[in-house]
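Q: Got a structure for you, input22.cif, holding mmCIF, C-alpha atoms.
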```
data_run
loop_
_atom_site.label_atom_id
_atom_site.label_comp_id
_atom_site.auth_asym_id
_atom_site.auth_seq_id
_atom_site.Cartn_x
_atom_site.Cartn_y
_atom_site.Cartn_z
CA MET A 10 -19.12 -4.31 6.98
CA THR A 11 -15.74 -4.26 5.28
CA ASP A 12 -12.81 -5.80 7.15
CA PHE A 13 -10.33 -2.95 7.16
CA SER A 14 -6.59 -3.48 7.16
CA TYR A 15 -3.68 -1.46 8.55
CA GLN A 16 -0.23 -0.94 7.03
CA LEU A 17 2.17 -1.73 9.86
CA TYR A 18 4.67 0.80 8.50
CA SER A 19 2.37 3.39 10.11
CA SER A 20 3.43 2.09 13.54
CA ARG A 21 7.13 1.51 12.87
CA ASN A 22 8.05 4.19 15.41
CA PHE A 23 5.83 2.65 18.10
CA PRO A 24 7.28 -0.78 18.93
CA PRO A 25 6.89 -3.55 19.86
CA LEU A 26 4.85 -5.23 17.11
CA GLU A 27 2.80 -7.26 19.59
CA GLN A 28 1.64 -4.03 21.22
CA THR A 29 0.57 -2.72 17.80
CA PHE A 30 -1.48 -5.85 17.20
CA GLU A 31 -3.24 -5.40 20.55
CA MET A 32 -3.94 -1.75 19.69
CA LEU A 33 -5.41 -2.69 16.31
CA LYS A 34 -7.63 -5.39 17.79
CA ARG A 35 -8.85 -2.86 20.36
CA ASN A 36 -9.79 -0.44 17.58
CA GLY A 37 -11.68 -2.88 15.38
CA TYR A 38 -9.19 -3.91 12.72
CA ALA A 39 -9.29 -7.41 11.27
CA GLN A 40 -6.24 -7.37 9.01
CA VAL A 41 -2.75 -5.94 8.69
CA GLU A 42 -0.30 -5.40 5.84
CA ALA A 43 3.38 -6.12 6.36
CA TYR A 44 6.59 -4.56 5.08
CA GLY A 45 10.26 -5.54 5.21
CA GLY A 46 10.87 -4.77 8.87
CA VAL A 47 8.20 -7.27 9.94
CA TYR A 48 9.68 -10.39 8.34
CA ALA A 49 12.47 -11.26 10.80
CA ASP A 50 10.54 -14.06 12.54
CA PRO A 51 7.44 -15.03 10.53
CA LYS A 52 6.40 -17.87 12.86
CA ALA A 53 6.43 -15.67 15.95
CA THR A 54 4.59 -12.93 14.06
CA LYS A 55 1.92 -15.41 12.94
CA LEU A 56 1.40 -16.55 16.55
CA ALA A 57 1.01 -12.93 17.66
CA LEU A 58 -1.47 -12.27 14.84
CA ASP A 59 -3.51 -15.32 15.81
CA ALA A 60 -3.50 -14.27 19.47
CA ASN A 61 -5.16 -11.00 18.48
CA GLY A 62 -7.58 -12.40 15.92
CA LEU A 63 -5.78 -10.66 13.04
CA THR A 64 -4.81 -11.88 9.58
CA MET A 65 -2.10 -10.62 7.21
CA PRO A 66 -3.47 -11.11 3.70
CA THR A 67 -1.06 -8.69 1.99
CA GLY A 68 2.60 -7.76 2.20
CA HIS A 69 5.25 -5.54 0.62
CA PHE A 70 8.52 -7.00 -0.66
CA SER A 71 11.40 -5.10 -2.26
CA ILE A 72 12.18 -5.59 -5.93
CA ASP A 73 15.60 -6.99 -4.96
CA LEU A 74 14.09 -9.67 -2.75
CA LEU A 75 11.36 -10.44 -5.28
CA GLU A 76 13.87 -10.99 -8.09
CA LYS A 77 16.81 -12.50 -6.23
CA GLU A 78 15.18 -14.64 -3.53
CA PRO A 79 11.75 -15.72 -4.75
CA GLN A 80 11.69 -18.82 -2.57
CA LYS A 81 12.31 -16.71 0.52
CA VAL A 82 9.42 -14.44 -0.45
CA VAL A 83 7.10 -17.42 -0.97
CA ASP A 84 8.19 -18.98 2.33
CA ILE A 85 7.53 -15.75 4.26
CA ALA A 86 4.20 -15.13 2.53
CA GLY A 87 3.15 -18.73 3.16
CA ALA A 88 4.09 -18.66 6.84
CA LEU A 89 2.08 -15.49 7.37
CA GLY A 90 -0.97 -16.56 5.39
CA MET A 91 -0.71 -13.92 2.66
CA LYS A 92 -2.86 -13.87 -0.44
CA ALA A 93 -1.29 -10.91 -2.27
CA ILE A 94 2.29 -9.67 -2.72
CA TYR A 95 3.12 -6.12 -3.76
CA CYS A 96 6.33 -4.48 -4.89
CA PRO A 97 6.15 -1.19 -3.00
CA HIS A 98 8.82 1.21 -4.16
CA LEU A 99 11.85 1.96 -6.28
CA ALA A 100 14.70 3.87 -4.66
CA VAL A 101 15.65 7.22 -6.19
CA ASP A 102 19.10 6.07 -7.27
CA VAL A 103 17.74 3.21 -9.39
CA ARG A 104 14.69 4.91 -10.91
CA PRO A 105 14.71 5.09 -14.70
CA LEU A 106 15.12 8.50 -16.28
CA ASP A 107 13.30 7.86 -19.55
CA ALA A 108 10.35 6.02 -21.03
CA ALA A 109 12.40 3.06 -22.23
CA GLY A 110 13.72 2.55 -18.72
CA TRP A 111 10.26 2.56 -17.17
CA SER A 112 8.99 0.14 -19.81
CA ALA A 113 11.89 -2.15 -18.97
CA PHE A 114 11.00 -1.93 -15.29
CA GLY A 115 7.43 -2.84 -16.15
CA GLU A 116 8.75 -5.92 -17.94
CA ARG A 117 10.58 -6.90 -14.75
CA LEU A 118 7.32 -6.64 -12.82
CA GLU A 119 5.57 -8.75 -15.45
CA ALA A 120 8.25 -11.41 -15.01
CA ALA A 121 7.81 -11.29 -11.24
CA HIS A 122 4.07 -11.69 -11.74
CA ALA A 123 4.69 -14.91 -13.64
CA THR A 124 6.73 -16.25 -10.71
CA TYR A 125 4.33 -15.35 -7.92
CA SER A 126 1.06 -16.00 -9.71
CA LYS A 127 2.37 -19.51 -10.43
CA ALA A 128 2.87 -19.87 -6.67
CA GLY A 129 -0.76 -18.88 -6.12
CA TYR A 130 -0.46 -15.21 -5.18
CA VAL A 131 -1.94 -11.99 -6.49
CA PHE A 132 1.06 -9.88 -7.53
CA GLY A 133 1.10 -6.17 -8.15
CA TRP A 134 2.69 -2.75 -7.89
CA HIS A 135 2.14 -0.18 -5.16
CA ASN A 136 2.55 3.40 -6.38
CA HIS A 137 4.04 6.50 -4.81
CA ASP A 138 4.04 9.99 -6.35
CA PHE A 139 6.98 9.77 -8.75
CA GLU A 140 5.10 7.53 -11.21
CA PHE A 141 2.69 10.38 -11.95
CA LYS A 142 5.28 13.02 -12.80
CA ALA A 143 5.80 13.41 -16.54
CA LEU A 144 9.11 12.46 -18.14
CA PRO A 145 10.83 14.79 -20.65
CA ASP A 146 8.76 13.25 -23.48
CA ASN A 147 5.55 13.82 -21.42
CA SER A 148 5.00 10.10 -20.85
CA LEU A 149 4.00 8.96 -17.37
CA PRO A 150 5.94 6.19 -15.60
CA GLN A 151 2.76 4.64 -14.17
CA LYS A 152 1.20 4.23 -17.62
CA LEU A 153 4.47 2.86 -18.99
CA ILE A 154 4.56 0.31 -16.18
CA PHE A 155 0.99 -0.78 -16.81
CA ASP A 156 1.52 -1.02 -20.58
CA ALA A 157 4.63 -3.16 -20.17
CA ALA A 158 3.11 -5.33 -17.43
CA PRO A 159 -0.40 -6.20 -18.62
CA SER A 160 -0.88 -8.95 -16.04
CA ILE A 161 0.05 -7.21 -12.81
CA SER A 162 -2.45 -6.07 -10.23
CA TRP A 163 -2.44 -2.62 -8.62
CA GLU A 164 -2.38 -1.53 -5.01
CA ALA A 165 -3.51 2.04 -5.55
CA ASP A 166 -2.18 4.57 -3.05
CA ILE A 167 -4.69 7.34 -3.66
CA ALA A 168 -2.98 10.07 -1.63
CA TRP A 169 0.31 9.53 -3.48
CA ILE A 170 -1.52 9.82 -6.82
CA ILE A 171 -2.79 13.22 -5.68
CA ARG A 172 0.62 14.32 -4.41
CA GLY A 173 2.08 13.29 -7.76
CA GLY A 174 -0.35 15.59 -9.57
CA GLY A 175 -2.73 12.90 -10.80
CA ASP A 176 -6.51 12.73 -10.65
CA PRO A 177 -7.41 9.56 -8.70
CA PHE A 178 -10.88 9.33 -10.22
CA GLU A 179 -9.36 9.39 -13.71
CA TRP A 180 -6.84 6.68 -12.83
CA ILE A 181 -9.52 4.55 -11.21
CA GLY A 182 -11.62 5.02 -14.33
CA ASN A 183 -8.81 3.90 -16.62
CA TYR A 184 -7.24 1.15 -14.51
CA GLY A 185 -9.85 0.25 -11.91
CA SER A 186 -10.10 -3.30 -13.21
CA ARG A 187 -6.55 -3.88 -11.99
CA ILE A 188 -7.10 -2.68 -8.42
CA SER A 189 -6.91 -5.41 -5.80
CA ALA A 190 -5.94 -3.22 -2.83
CA VAL A 191 -6.08 0.44 -1.88
CA HIS A 192 -4.06 2.50 0.59
CA VAL A 193 -6.47 4.75 2.44
CA LYS A 194 -4.68 7.84 3.74
CA ASP A 195 -5.31 11.54 3.84
CA ILE A 196 -3.44 14.76 3.04
CA ALA A 197 -3.48 17.67 5.48
CA ALA A 198 -4.45 21.14 4.34
CA PRO A 199 -1.45 23.25 3.23
CA GLY A 200 0.68 24.29 6.19
CA GLN A 201 -0.97 21.85 8.61
CA ASN A 202 0.49 18.75 10.28
CA THR A 203 4.03 19.70 9.30
CA ASP A 204 5.29 17.47 12.13
CA GLU A 205 3.56 14.56 10.34
CA ASP A 206 4.99 15.32 6.88
CA GLY A 207 1.71 16.90 5.81
CA TRP A 208 -0.35 13.72 6.16
CA ALA A 209 -3.62 13.51 8.10
CA ASP A 210 -5.84 10.93 9.75
CA VAL A 211 -8.43 9.65 7.27
CA GLY A 212 -11.36 12.05 7.22
CA TYR A 213 -9.35 14.88 8.75
CA GLY A 214 -7.63 16.08 5.60
CA THR A 215 -8.42 17.21 2.07
CA VAL A 216 -9.07 13.92 0.25
CA ASP A 217 -12.72 13.18 -0.61
CA TRP A 218 -12.73 9.69 0.81
CA LYS A 219 -16.51 9.32 0.85
CA ALA A 220 -16.73 9.77 -2.93
CA LEU A 221 -13.60 7.71 -3.49
CA MET A 222 -14.88 4.77 -1.44
CA THR A 223 -18.11 4.79 -3.43
CA ARG A 224 -16.15 4.71 -6.69
CA LEU A 225 -13.61 2.15 -5.50
CA LYS A 226 -16.31 -0.28 -4.43
CA GLU A 227 -17.17 -0.57 -8.14
CA THR A 228 -13.72 -2.09 -8.76
CA PRO A 229 -12.46 -5.58 -7.80
CA VAL A 230 -10.67 -4.16 -4.73
CA GLN A 231 -10.41 -6.68 -1.88
CA TYR A 232 -8.33 -4.81 0.68
CA PHE A 233 -8.73 -1.30 2.10
CA ILE A 234 -5.56 -0.53 4.05
CA MET A 235 -5.25 2.44 6.41
CA GLU A 236 -1.88 4.17 6.24
CA HIS A 237 -0.20 7.27 7.63
CA ASP A 238 3.47 7.68 6.72
CA ASN A 239 4.44 9.52 9.90
CA PRO A 240 1.79 9.79 12.64
CA SER A 241 2.75 11.40 15.93
CA ASP A 242 0.26 9.07 17.63
CA ASP A 243 -0.47 5.80 15.84
CA GLU A 244 -3.48 4.85 17.95
CA ARG A 245 -5.13 8.21 17.34
CA PHE A 246 -4.61 7.68 13.62
CA ALA A 247 -5.88 4.09 13.72
CA ARG A 248 -8.95 4.94 15.80
CA ARG A 249 -10.06 8.05 13.93
CA SER A 250 -9.41 6.59 10.48
CA ILE A 251 -11.42 3.39 10.92
CA ALA A 252 -14.24 5.44 12.47
CA THR A 253 -14.28 7.62 9.34
CA VAL A 254 -14.47 4.78 6.83
CA ASN A 255 -17.04 2.90 8.91
CA SER A 256 -19.27 5.98 8.78
CA PHE A 257 -19.65 5.90 4.99
#
```
Output the file's structure in the form of structure tokens.
A:
Amino acid sequence: MTDFSYQLYSSRNFPPLEQTFEMLKRNGYAQVEAYGGVYADPKATKLALDANGLTMPTGHFSIDLLEKEPQKVVDIAGALGMKAIYCPHLAVDVRPLDAAGWSAFGERLEAAHATYSKAGYVFGWHNHDFEFKALPDNSLPQKLIFDAAPSISWEADIAWIIRGGGDPFEWIGNYGSRISAVHVKDIAAPGQNTDEDGWADVGYGTVDWKALMTRLKETPVQYFIMEHDNPSDDERFARRSIATVNSF
């Protein structure tokens, strides 16, 4: 059986963190993925993880932190036992507007890869939807990133690919060899779950996760990470989602 992970961002509105760890242990999770809000006290977080039999093999770090404070990133990742580091996002106000800009951003990620791979970590990019929306010249930011950063890994967020207008099976076909982690989340049917930003518990939406899991298991993916960007009940999401993927 696969050891499934859980993106802690899903429970950001349900503190404290220790309670989330207890909830995840109760529902059969073995791993968690961290994000910026979790890094305030890495030693205390590691103790809480250990107390609940959880590990934290992956984490998200902002591009600013990755470029400006690499030693801090390595120290945090080391204290928490991480194996892979992902750059998760690019704020709207700093996103490139043309192909040259996205290629330049890809070069920055390639440089970051050199830093963190030297320190012993997998390093990659985590996509949202904006990378799959064509620029004025019809180029796609995600392809420009990959072309300019041939060494980086990919944490593929399948639901964001779909929301961006992409075909996940096509992207897996073209870039599956780069996938080291996958965000497993679901999209509600149109007009449903508006209080949850249109997301759904895995298996309760429109994404064909059974077929996707079969295809993804043909890639080098190591981590399947449950995520819901805005659940009204994080334990309901955690419980139903892991039950879905364990049924495949």
Q: What do you get, as a list in words, if you spell out every residue that the PyMOL selection byres ((chain A and resi 19-34) around 7) selects here?
A: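 For this structure, the PyMOL selection byres ((chain A and resi 19-34) around 7) captures Gln16, Leu17, Tyr18, Arg35, Asn36, Gly37, Tyr38, Ala57, Leu58, Asn61, Glu236, His237, Asp238, Asn239, Pro240, Asp243 and Glu244 of chain A.
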Q: Keeping only C-alpha atoms, write the selected residues to a file as a PDB file, keeping the file's coordinate frame.
A:
```
ATOM      1  CA  GLN A  16      -0.230  -0.940   7.030  1.00  0.00           C
ATOM      2  CA  LEU A  17       2.170  -1.730   9.860  1.00  0.00           C
ATOM      3  CA  TYR A  18       4.670   0.800   8.500  1.00  0.00           C
ATOM      4  CA  ARG A  35      -8.850  -2.860  20.360  1.00  0.00           C
ATOM      5  CA  ASN A  36      -9.790  -0.440  17.580  1.00  0.00           C
ATOM      6  CA  GLY A  37     -11.680  -2.880  15.380  1.00  0.00           C
ATOM      7  CA  TYR A  38      -9.190  -3.910  12.720  1.00  0.00           C
ATOM      8  CA  ALA A  57       1.010 -12.930  17.660  1.00  0.00           C
ATOM      9  CA  LEU A  58      -1.470 -12.270  14.840  1.00  0.00           C
ATOM     10  CA  ASN A  61      -5.160 -11.000  18.480  1.00  0.00           C
ATOM     11  CA  GLU A 236      -1.880   4.170   6.240  1.00  0.00           C
ATOM     12  CA  HIS A 237      -0.200   7.270   7.630  1.00  0.00           C
ATOM     13  CA  ASP A 238       3.470   7.680   6.720  1.00  0.00           C
ATOM     14  CA  ASN A 239       4.440   9.520   9.900  1.00  0.00           C
ATOM     15  CA  PRO A 240       1.790   9.790  12.640  1.00  0.00           C
ATOM     16  CA  ASP A 243      -0.470   5.800  15.840  1.00  0.00           C
ATOM     17  CA  GLU A 244      -3.480   4.850  17.950  1.00  0.00           C
TER      18      GLU A 244
END
```
Q: Using only C-alpha atoms, find the one residue out of A:Met235, A:Ile181, A:Gly173, A:Thr223 that sits nearest to Ala252 of chain A.
A: A:Met235
Q: At what distance in Å, to one decimal, does atom CA of Tyr95 of chain A lie from atom CA of Ala43 of chain A?
A: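 Rounded to one decimal, the two atoms are 10.1 Å apart.
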Q: Would you mind reading off the distance between atom CA of His135 of chain A and atom CA of Ser160 of chain A, one decimal, in Å?
A: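 It comes out at 14.3 Å.
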Q: Name the residues, using the chain letters and numbers of the file, that sit within 12 Å of (10.5, -7.3, -17.3) when counting only C-alpha atoms, and give them as a PDB file with C-alpha atoms, in the coordinates of the input.
A:
```pdb
ATOM      1  CA  ILE A  72      12.180  -5.590  -5.930  1.00  0.00           C
ATOM      2  CA  GLU A  76      13.870 -10.990  -8.090  1.00  0.00           C
ATOM      3  CA  ALA A 109      12.400   3.060 -22.230  1.00  0.00           C
ATOM      4  CA  GLY A 110      13.720   2.550 -18.720  1.00  0.00           C
ATOM      5  CA  TRP A 111      10.260   2.560 -17.170  1.00  0.00           C
ATOM      6  CA  SER A 112       8.990   0.140 -19.810  1.00  0.00           C
ATOM      7  CA  ALA A 113      11.890  -2.150 -18.970  1.00  0.00           C
ATOM      8  CA  PHE A 114      11.000  -1.930 -15.290  1.00  0.00           C
ATOM      9  CA  GLY A 115       7.430  -2.840 -16.150  1.00  0.00           C
ATOM     10  CA  GLU A 116       8.750  -5.920 -17.940  1.00  0.00           C
ATOM     11  CA  ARG A 117      10.580  -6.900 -14.750  1.00  0.00           C
ATOM     12  CA  LEU A 118       7.320  -6.640 -12.820  1.00  0.00           C
ATOM     13  CA  GLU A 119       5.570  -8.750 -15.450  1.00  0.00           C
ATOM     14  CA  ALA A 120       8.250 -11.410 -15.010  1.00  0.00           C
ATOM     15  CA  ALA A 121       7.810 -11.290 -11.240  1.00  0.00           C
ATOM     16  CA  HIS A 122       4.070 -11.690 -11.740  1.00  0.00           C
ATOM     17  CA  ALA A 123       4.690 -14.910 -13.640  1.00  0.00           C
ATOM     18  CA  THR A 124       6.730 -16.250 -10.710  1.00  0.00           C
ATOM     19  CA  LEU A 153       4.470   2.860 -18.990  1.00  0.00           C
ATOM     20  CA  ILE A 154       4.560   0.310 -16.180  1.00  0.00           C
ATOM     21  CA  PHE A 155       0.990  -0.780 -16.810  1.00  0.00           C
ATOM     22  CA  ASP A 156       1.520  -1.020 -20.580  1.00  0.00           C
ATOM     23  CA  ALA A 157       4.630  -3.160 -20.170  1.00  0.00           C
ATOM     24  CA  ALA A 158       3.110  -5.330 -17.430  1.00  0.00           C
ATOM     25  CA  PRO A 159      -0.400  -6.200 -18.620  1.00  0.00           C
ATOM     26  CA  SER A 160      -0.880  -8.950 -16.040  1.00  0.00           C
ATOM     27  CA  ILE A 161       0.050  -7.210 -12.810  1.00  0.00           C
TER      28      ILE A 161
END
```
Q: Between atom CA of Asn147 of chain A and atom CA of Arg104 of chain A, what is the distance, to one decimal in Å?
A: 16.5 Å
